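Undergrad: This is coords-v7.cif (mmCIF, C-alpha atoms and all ligand atoms).
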data_structure
#
loop_
_atom_site.label_atom_id
_atom_site.label_comp_id
_atom_site.auth_asym_id
_atom_site.auth_seq_id
_atom_site.Cartn_x
_atom_site.Cartn_y
_atom_site.Cartn_z
CA MET I 43 -0.83 9.79 -16.78
CA ASP I 44 -2.28 7.40 -19.31
CA ARG I 45 -6.01 7.28 -18.52
CA SER I 46 -6.76 4.20 -20.62
CA SER I 47 -5.32 1.92 -17.96
CA LEU I 48 -7.83 3.02 -15.29
CA VAL I 49 -10.73 0.92 -14.04
CA THR I 50 -13.75 3.24 -13.89
CA GLN I 51 -16.66 0.81 -13.51
CA THR I 52 -17.77 1.05 -9.88
CA GLN I 53 -20.78 -0.39 -8.02
CA THR I 54 -20.76 2.19 -5.22
CA ILE I 55 -23.41 4.88 -5.43
CA LEU I 56 -21.84 8.36 -5.37
CA ARG I 57 -24.20 10.25 -3.03
CA THR I 58 -24.92 13.89 -3.84
CA ASP I 59 -26.70 14.80 -0.62
CA PRO I 60 -24.44 16.94 1.62
CA PHE I 61 -21.71 14.98 3.42
CA ASN I 62 -22.11 17.34 6.40
CA ASP I 63 -25.77 16.33 6.79
CA ASN I 64 -24.55 12.83 7.75
CA TYR I 65 -21.04 13.31 9.25
CA ARG I 66 -19.24 15.64 11.64
CA VAL I 67 -15.51 16.17 11.08
CA VAL I 68 -13.56 15.86 14.33
CA GLY I 69 -9.98 16.61 15.42
CA LYS I 70 -6.97 17.48 13.27
CA GLU I 71 -6.23 16.17 9.78
CA LEU I 72 -5.06 12.53 9.59
CA GLY I 73 -3.15 12.96 6.36
CA ARG I 74 -2.63 15.33 3.47
CA GLY I 75 -1.40 14.75 -0.07
CA LYS I 76 -1.07 16.94 -3.17
CA PHE I 77 -4.73 16.54 -4.13
CA ALA I 78 -6.33 15.00 -1.08
CA VAL I 79 -6.85 15.54 2.62
CA VAL I 80 -7.99 12.92 5.14
CA LYS I 81 -10.02 13.83 8.21
CA LYS I 82 -11.53 11.82 11.04
CA CYS I 83 -15.32 12.06 11.16
CA VAL I 84 -18.28 10.67 13.07
CA GLU I 85 -21.44 9.35 11.39
CA LEU I 86 -24.32 11.30 13.03
CA LEU I 87 -26.84 8.47 12.81
CA THR I 88 -24.64 5.80 14.44
CA GLY I 89 -21.90 7.70 16.28
CA LYS I 90 -19.35 5.45 14.48
CA GLU I 91 -15.90 6.85 13.62
CA TYR I 92 -14.70 6.94 10.02
CA ALA I 93 -11.91 8.53 7.99
CA ALA I 94 -13.06 10.79 5.16
CA LYS I 95 -10.70 11.30 2.22
CA PHE I 96 -11.54 14.51 0.30
CA LEU I 97 -10.20 14.19 -3.26
CA ARG I 98 -10.11 17.10 -5.71
CA LYS I 99 -11.58 16.20 -9.10
CA ARG I 100 -9.62 18.82 -11.04
CA ARG I 101 -5.81 18.75 -10.73
CA LYS I 102 -3.40 20.99 -12.66
CA GLY I 103 -6.32 21.94 -14.93
CA GLU I 104 -7.09 18.28 -15.76
CA ASP I 105 -10.24 16.30 -14.96
CA CYS I 106 -9.08 13.47 -12.73
CA ARG I 107 -12.48 12.00 -11.85
CA ASN I 108 -11.59 8.68 -13.51
CA ASP I 109 -8.46 8.37 -11.35
CA ILE I 110 -10.71 8.59 -8.29
CA LEU I 111 -13.17 6.06 -9.74
CA ASN I 112 -10.16 3.75 -10.21
CA GLU I 113 -9.32 4.06 -6.49
CA ILE I 114 -12.95 3.29 -5.60
CA ALA I 115 -12.95 0.26 -7.94
CA VAL I 116 -9.84 -1.17 -6.23
CA LEU I 117 -11.34 -0.68 -2.76
CA GLU I 118 -14.54 -2.39 -3.95
CA MET I 119 -12.56 -5.30 -5.43
CA ALA I 120 -10.69 -5.77 -2.14
CA ARG I 121 -13.74 -5.46 0.09
CA PHE I 122 -13.41 -9.11 1.23
CA SER I 123 -9.78 -8.78 2.29
CA PRO I 124 -9.61 -8.14 6.05
CA TYR I 125 -6.29 -6.32 5.52
CA VAL I 126 -7.46 -3.69 3.02
CA VAL I 127 -9.21 -0.66 4.50
CA ASP I 128 -13.00 -0.87 4.16
CA LEU I 129 -14.89 1.64 1.98
CA HIS I 130 -18.14 2.69 3.70
CA GLU I 131 -19.72 5.39 1.49
CA VAL I 132 -18.85 7.84 -1.29
CA TYR I 133 -20.09 11.42 -1.77
CA GLU I 134 -19.62 13.71 -4.79
CA THR I 135 -19.76 17.50 -4.95
CA ASN I 136 -18.94 19.84 -7.86
CA SER I 137 -15.27 19.91 -6.91
CA GLU I 138 -14.60 16.80 -4.80
CA ILE I 139 -15.28 13.14 -4.29
CA ILE I 140 -15.31 12.07 -0.62
CA LEU I 141 -14.37 8.48 0.27
CA VAL I 142 -15.73 7.55 3.72
CA MET I 143 -13.53 4.71 4.94
CA GLU I 144 -12.98 2.51 7.99
CA TYR I 145 -11.13 4.38 10.76
CA ALA I 146 -7.85 2.69 11.80
CA ALA I 147 -7.17 4.21 15.21
CA GLY I 148 -3.58 2.98 15.47
CA GLY I 149 -2.33 5.23 12.69
CA GLU I 150 0.67 4.65 10.43
CA ILE I 151 3.16 1.91 11.25
CA PHE I 152 5.73 4.53 10.20
CA ASN I 153 5.47 6.03 13.70
CA GLN I 154 6.50 2.78 15.33
CA CYS I 155 9.24 2.15 12.76
CA VAL I 156 10.96 5.34 13.92
CA ALA I 157 10.03 5.00 17.61
CA ASP I 158 12.60 4.47 20.38
CA GLN I 159 13.59 0.90 21.17
CA ASP I 160 11.00 0.40 23.91
CA GLU I 161 8.12 1.37 21.58
CA ALA I 162 9.55 -0.10 18.37
CA PHE I 163 8.30 -3.36 16.86
CA THR I 164 9.81 -6.61 18.10
CA GLU I 165 10.78 -9.17 15.46
CA LYS I 166 7.75 -11.19 16.55
CA ASP I 167 5.50 -8.15 15.91
CA VAL I 168 7.02 -7.70 12.46
CA ILE I 169 6.49 -11.38 11.60
CA ARG I 170 2.79 -11.11 12.44
CA LEU I 171 2.32 -7.78 10.65
CA ILE I 172 4.30 -8.78 7.54
CA ARG I 173 2.19 -11.97 7.30
CA GLN I 174 -0.93 -9.77 7.28
CA ILE I 175 0.55 -7.34 4.74
CA LEU I 176 1.45 -10.29 2.49
CA GLN I 177 -2.09 -11.67 2.75
CA GLY I 178 -3.49 -8.29 1.73
CA VAL I 179 -0.98 -7.94 -1.12
CA LEU I 180 -1.65 -11.53 -2.24
CA TYR I 181 -5.36 -10.73 -2.43
CA LEU I 182 -4.64 -7.73 -4.68
CA HIS I 183 -2.22 -9.71 -6.87
CA ARG I 184 -4.64 -12.63 -7.25
CA ASN I 185 -7.14 -10.11 -8.61
CA ASN I 186 -4.54 -8.71 -11.03
CA PHE I 187 -4.01 -5.44 -9.17
CA VAL I 188 -0.78 -3.86 -7.99
CA HIS I 189 -0.64 -1.21 -5.23
CA LEU I 190 2.57 0.59 -6.39
CA ASP I 191 2.97 2.74 -3.29
CA LEU I 192 3.53 0.31 -0.42
CA LYS I 193 5.39 2.15 2.36
CA PRO I 194 5.08 2.54 6.17
CA GLN I 195 2.88 5.63 5.73
CA ASN I 196 0.31 3.54 3.81
CA ILE I 197 0.15 0.66 6.27
CA LEU I 198 -2.15 1.51 9.19
CA LEU I 199 -2.88 -0.22 12.48
CA THR I 200 -6.33 -0.82 13.95
CA SER I 201 -4.67 -0.21 17.31
CA SER I 202 -1.11 0.70 18.29
CA ASN I 203 -1.27 -0.34 21.95
CA PRO I 204 -2.13 -3.14 22.26
CA LEU I 205 -0.71 -3.79 18.78
CA GLY I 206 -3.64 -4.49 16.47
CA ASP I 207 -3.96 -5.59 12.86
CA ILE I 208 -2.85 -3.87 9.67
CA ARG I 209 -4.91 -2.10 7.04
CA ILE I 210 -3.43 -1.32 3.62
CA VAL I 211 -4.54 2.12 2.41
CA ASP I 212 -4.15 4.60 -0.48
CA PHE I 213 -4.90 2.92 -3.79
CA GLY I 214 -4.43 6.18 -5.69
CA LEU I 215 -1.59 4.67 -7.75
CA SER I 216 -3.03 1.15 -8.06
CA ARG I 217 -3.39 -0.38 -11.51
CA GLN I 218 -4.66 -3.61 -13.05
CA VAL I 219 -1.50 -5.37 -14.22
CA ASP I 220 -3.06 -6.91 -17.30
CA ASN I 221 -4.24 -3.67 -18.82
CA VAL I 222 -1.69 -1.10 -17.85
CA LYS I 223 -0.65 0.37 -21.16
CA GLU I 224 1.96 2.98 -20.39
CA VAL I 225 2.58 4.70 -17.13
CA ARG I 226 3.77 8.16 -18.01
CA GLU I 227 5.17 9.11 -14.67
CA ILE I 228 7.34 7.58 -12.01
CA LEU I 229 5.03 5.91 -9.51
CA GLY I 230 5.61 5.36 -5.85
CA THR I 231 7.88 6.96 -3.29
CA PRO I 232 11.65 7.12 -3.97
CA GLU I 233 12.89 5.02 -1.03
CA TYR I 234 10.46 2.18 -1.76
CA VAL I 235 10.32 2.15 -5.55
CA ALA I 236 11.66 -0.91 -7.41
CA PRO I 237 14.61 -0.73 -9.88
CA GLU I 238 12.40 -1.55 -12.90
CA VAL I 239 10.41 1.63 -12.31
CA LEU I 240 13.64 3.65 -12.56
CA SER I 241 14.89 1.84 -15.66
CA TYR I 242 11.79 2.02 -17.87
CA GLU I 243 11.14 -1.72 -17.49
CA PRO I 244 7.58 -3.16 -17.21
CA ILE I 245 5.97 -3.08 -13.76
CA SER I 246 4.35 -6.22 -12.37
CA THR I 247 3.21 -7.76 -9.11
CA ALA I 248 6.95 -8.17 -8.39
CA THR I 249 7.18 -4.37 -8.18
CA ASP I 250 5.09 -4.49 -5.00
CA MET I 251 7.23 -7.34 -3.63
CA TRP I 252 10.36 -5.15 -3.80
CA SER I 253 8.51 -2.59 -1.66
CA VAL I 254 7.56 -5.32 0.84
CA GLY I 255 11.27 -6.12 1.15
CA VAL I 256 12.13 -2.49 1.90
CA LEU I 257 9.17 -2.24 4.29
CA THR I 258 10.39 -5.31 6.23
CA TYR I 259 13.92 -3.85 6.54
CA VAL I 260 12.50 -0.56 7.86
CA MET I 261 10.10 -2.24 10.33
CA LEU I 262 12.92 -4.36 11.78
CA THR I 263 15.61 -1.65 12.01
CA GLY I 264 13.98 1.80 11.67
CA VAL I 265 16.51 2.43 8.88
CA SER I 266 15.58 3.06 5.23
CA PRO I 267 18.10 0.88 3.35
CA PHE I 268 18.43 2.82 0.08
CA LEU I 269 17.99 6.38 1.39
CA GLY I 270 20.71 8.68 0.08
CA ASP I 271 21.50 12.35 0.71
CA ASN I 272 19.23 13.24 -2.23
CA LYS I 273 16.82 11.55 -4.64
CA GLN I 274 19.48 10.92 -7.26
CA GLU I 275 21.65 9.12 -4.72
CA THR I 276 18.65 7.12 -3.50
CA PHE I 277 17.83 6.10 -7.09
CA LEU I 278 21.46 5.09 -7.69
CA ASN I 279 21.46 2.95 -4.52
CA ILE I 280 18.24 1.25 -5.69
CA SER I 281 19.39 0.60 -9.25
CA GLN I 282 22.66 -0.86 -7.95
CA VAL I 283 20.85 -2.72 -5.12
CA ALA I 284 23.46 -1.15 -2.87
CA ILE I 285 22.25 -2.54 0.46
CA GLU I 286 23.99 -3.64 3.63
CA TYR I 287 22.89 -5.58 6.71
CA PRO I 288 25.16 -4.02 9.34
CA GLN I 289 25.54 -5.84 12.66
CA GLU I 290 24.69 -2.74 14.66
CA GLU I 291 21.31 -2.42 12.89
CA PHE I 292 20.53 -6.14 12.85
CA GLU I 293 21.70 -6.98 16.36
CA GLY I 294 19.26 -9.50 17.85
CA ILE I 295 17.48 -10.01 14.50
CA SER I 296 17.43 -13.52 13.05
CA GLU I 297 19.34 -14.68 9.97
CA LEU I 298 15.98 -15.94 8.62
CA ALA I 299 14.67 -12.35 8.62
CA ILE I 300 17.66 -11.21 6.55
CA ASP I 301 17.20 -14.17 4.21
CA PHE I 302 13.53 -13.16 3.76
CA ILE I 303 14.48 -9.57 2.85
CA LYS I 304 17.19 -10.83 0.45
CA SER I 305 14.57 -12.96 -1.37
CA LEU I 306 12.75 -9.72 -2.27
CA LEU I 307 15.49 -7.12 -2.86
CA ILE I 308 16.59 -8.74 -6.12
CA LYS I 309 17.02 -6.56 -9.20
CA ASN I 310 15.47 -9.03 -11.66
CA PRO I 311 11.70 -8.93 -10.95
CA ARG I 312 11.27 -12.51 -12.16
CA LYS I 313 13.70 -13.79 -9.52
CA ARG I 314 11.90 -12.05 -6.63
CA ALA I 315 9.71 -14.13 -4.32
CA ARG I 316 5.96 -13.79 -4.94
CA ALA I 317 3.54 -13.05 -2.08
CA ASP I 318 2.35 -16.67 -1.90
CA GLN I 319 5.97 -17.89 -1.76
CA CYS I 320 6.82 -15.33 0.97
CA LEU I 321 4.01 -16.69 3.15
CA LYS I 322 5.73 -20.09 3.06
CA HIS I 323 9.17 -18.68 3.99
CA ALA I 324 10.66 -20.25 7.15
CA TRP I 325 10.93 -16.79 8.79
CA LEU I 326 7.13 -16.46 8.72
CA THR I 327 6.26 -20.08 9.44
CA SER I 328 8.84 -21.21 12.00
CA CYS I 329 7.19 -19.50 15.01
CA GLN I 330 3.65 -20.11 13.74
CA GLU I 331 1.06 -18.58 16.06
CA PRO I 332 -2.45 -20.01 15.87
CA GLU I 333 -4.05 -18.24 12.92
CA SER I 334 -7.24 -16.34 13.75
CA PRO I 335 -10.06 -17.13 11.28
CA LYS I 336 -9.73 -13.71 9.66
CA ASP I 337 -6.14 -14.55 8.74
CA LYS I 338 -7.35 -17.05 6.16
CA THR I 339 -6.43 -15.94 2.67
CA LEU I 340 -9.49 -16.46 0.47
CA GLU I 341 -9.33 -19.55 -1.71
CA PRO I 342 -7.47 -19.01 -4.99
CA LYS I 343 -9.61 -17.92 -7.89
CA GLU I 344 -9.51 -19.60 -11.33
CA SER I 345 -7.81 -16.67 -13.00
CA GLN I 346 -4.89 -16.63 -10.58
CA VAL I 347 -1.80 -14.56 -11.15
CA GLU I 348 0.77 -17.24 -10.38
CA SER I 349 3.78 -15.45 -11.79
CA PRO I 350 4.47 -11.75 -12.00
CA GLU I 351 2.32 -10.41 -14.78
CA THR I 352 4.36 -7.96 -16.73
CA THR I 353 2.85 -4.85 -18.15
CA GLU I 354 3.80 -2.95 -21.19
CA LYS I 355 6.77 -0.65 -21.19
CA ILE I 356 6.63 2.36 -18.96
CA VAL I 357 7.42 5.70 -20.51
CA LEU I 358 8.63 7.79 -17.59
CA LEU I 359 8.22 11.44 -18.39
CA ALA I 360 7.97 13.08 -15.00
CA SER I 361 11.25 13.84 -13.31
CA TYR I 362 11.19 13.23 -9.63
C1 LIG N 401 -5.42 7.47 12.99
C2 LIG N 401 -4.71 7.76 11.67
C3 LIG N 401 -3.52 8.44 11.70
N1 LIG N 401 -2.85 8.72 10.54
C4 LIG N 401 -3.40 8.31 9.38
N2 LIG N 401 -2.67 8.57 8.26
C5 LIG N 401 -3.01 8.34 6.95
C6 LIG N 401 -2.10 7.66 6.16
C7 LIG N 401 -2.35 7.47 4.82
C8 LIG N 401 -3.49 7.97 4.24
C9 LIG N 401 -3.67 7.83 2.76
C10 LIG N 401 -4.95 7.30 2.31
N3 LIG N 401 -5.86 6.91 1.81
C11 LIG N 401 -4.43 8.62 5.02
C12 LIG N 401 -4.18 8.81 6.41
N4 LIG N 401 -4.56 7.63 9.28
C13 LIG N 401 -5.23 7.34 10.42
N5 LIG N 401 -6.37 6.62 10.38
C14 LIG N 401 -7.05 6.24 9.23
C15 LIG N 401 -6.91 6.65 7.87
C16 LIG N 401 -7.88 5.93 7.20
C17 LIG N 401 -8.23 5.95 5.76
C18 LIG N 401 -7.20 5.70 4.75
C19 LIG N 401 -7.85 7.06 4.89
N6 LIG N 401 -8.51 5.17 8.08
N7 LIG N 401 -8.03 5.36 9.30
#
I'd like the structure from this file rewritten - as structure tokens, please.

TA:
Amino acid sequence: MDRSSLVTQTQTILRTDPFNDNYRVVGKELGRGKFAVVKKCVELLTGKEYAAKFLRKRRKGEDCRNDILNEIAVLEMARFSPYVVDLHEVYETNSEIILVMEYAAGGEIFNQCVADQDEAFTEKDVIRLIRQILQGVLYLHRNNFVHLDLKPQNILLTSSNPLGDIRIVDFGLSRQVDNVKEVREILGTPEYVAPEVLSYEPISTATDMWSVGVLTYVMLTGVSPFLGDNKQETFLNISQVAIEYPQEEFEGISELAIDFIKSLLIKNPRKRARADQCLKHAWLTSCQEPESPKDKTLEPKESQVESPETTEKIVLLASY
């Protein structure tokens, strides 16, 4: 991984007093990755619930502290977006950095994507949730950041029943688009990764928009559109944009929803809809519900990213 593209200036104080003096871990793990584990915890002083992400600083013999500072910097940048998980505190030990974050009790939307019909999302649910995801993604893009791992496992719900609001999580792969030099490994998760990542083309904000298209398809149908019998087949399906909208999967789903997905699953990144354009799509505006104040996307900043910012060429070394 090229370290020069990381943002390592953070404002958050990294506390060195013992995490366990201030929090009690409760219940089973919420999530586990290669170098991180997430556990629910309770702040002793307030009794409030949080999610603590324990990140190892050394990985495969390399010091990855700056990668973790990059994740903290992105969470700090997005602190005013209601749809990005809130960062509460950070602790550092000899071996780990612990991110104490807002607890989203509803868990991953993945669970409802694969649920039986009666518990699955309605199209109306998906419209509301996709609007929120787009507002969170737009906030990142307007600040020149890309997420690069948008998938149902990284979109959480504040509550699953009644259906609450979304929180975008896991900024471990996020990068600033205007200073990503070379990304020396394939980013993202096979089923959701955009064609340009597979073909050594520059990544941009449009790379996230492809993932939003796949996410929408999965939330509406429970089917992963490009999934093959193995990773090579999945990659081939993506690079050929081999996608279908079968009647049996899309029964009862509007033509506008399919048109919305088609505006994103376009091979040429420059032809894909941007987040701000998606929010004006008829599928998301035709059955407009009264917006709650927190739905307001913050006013555009001067240094807007109005078109996908491309980054320099990716050199993909890691094989999947
Ligand atoms: C109830 C719950 C159930 N499952 C997960 N899964 C999960 C998915 C992705 C990541 C990857 C990350 N980061 C971590 C956990 N998070 C939950 N609540 C969280 C989780 C969090 C913060 C993000 C950790 N707040 N509330």

Undergrad: Check the smallest atom-to-atom distance from each of I:Gly294, I:Gly230, I:Pro204, I:Gly69 to Ile245 in chain I using all atoms listed in the file, then report the winner.

TA: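 For Ile245 in chain I, the nearest of the given residues is I:Gly230.
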
Undergrad: Taking all atoms listed in the file into account, name the residue in I:Asn64, I:Thr54, I:Asn136, I:Ser216 that is nearest to ligand LIG 401 (chain N).

TA: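 Of all the options, I:Ser216 lies closest to ligand LIG 401 (chain N).
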
Undergrad: Counting all atoms listed in the file, which of I:Glu131, I:Glu113, I:Asp220, I:Glu144 gets nearest to ligand LIG 401 (chain N)?

TA: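 Of the candidates, the smallest distance to ligand LIG 401 (chain N) is held by I:Glu144.
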
Undergrad: So what do you get for CA of Ile140 in chain I versus atom C11 of ligand LIG 401 (chain N), distance-wise?

TA: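 Separation of CA of Ile140 in chain I and atom C11 of ligand LIG 401 (chain N): 12.7 Å.
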
Undergrad: Using all atoms listed in the file, determine which residues fall within 9 Å of ligand LIG 401 (chain N), then list them as an MDAnalysis selection string.

TA: chainID I and resid 71:75 78:82 92:95 127:129 141:150 194:201 209:214
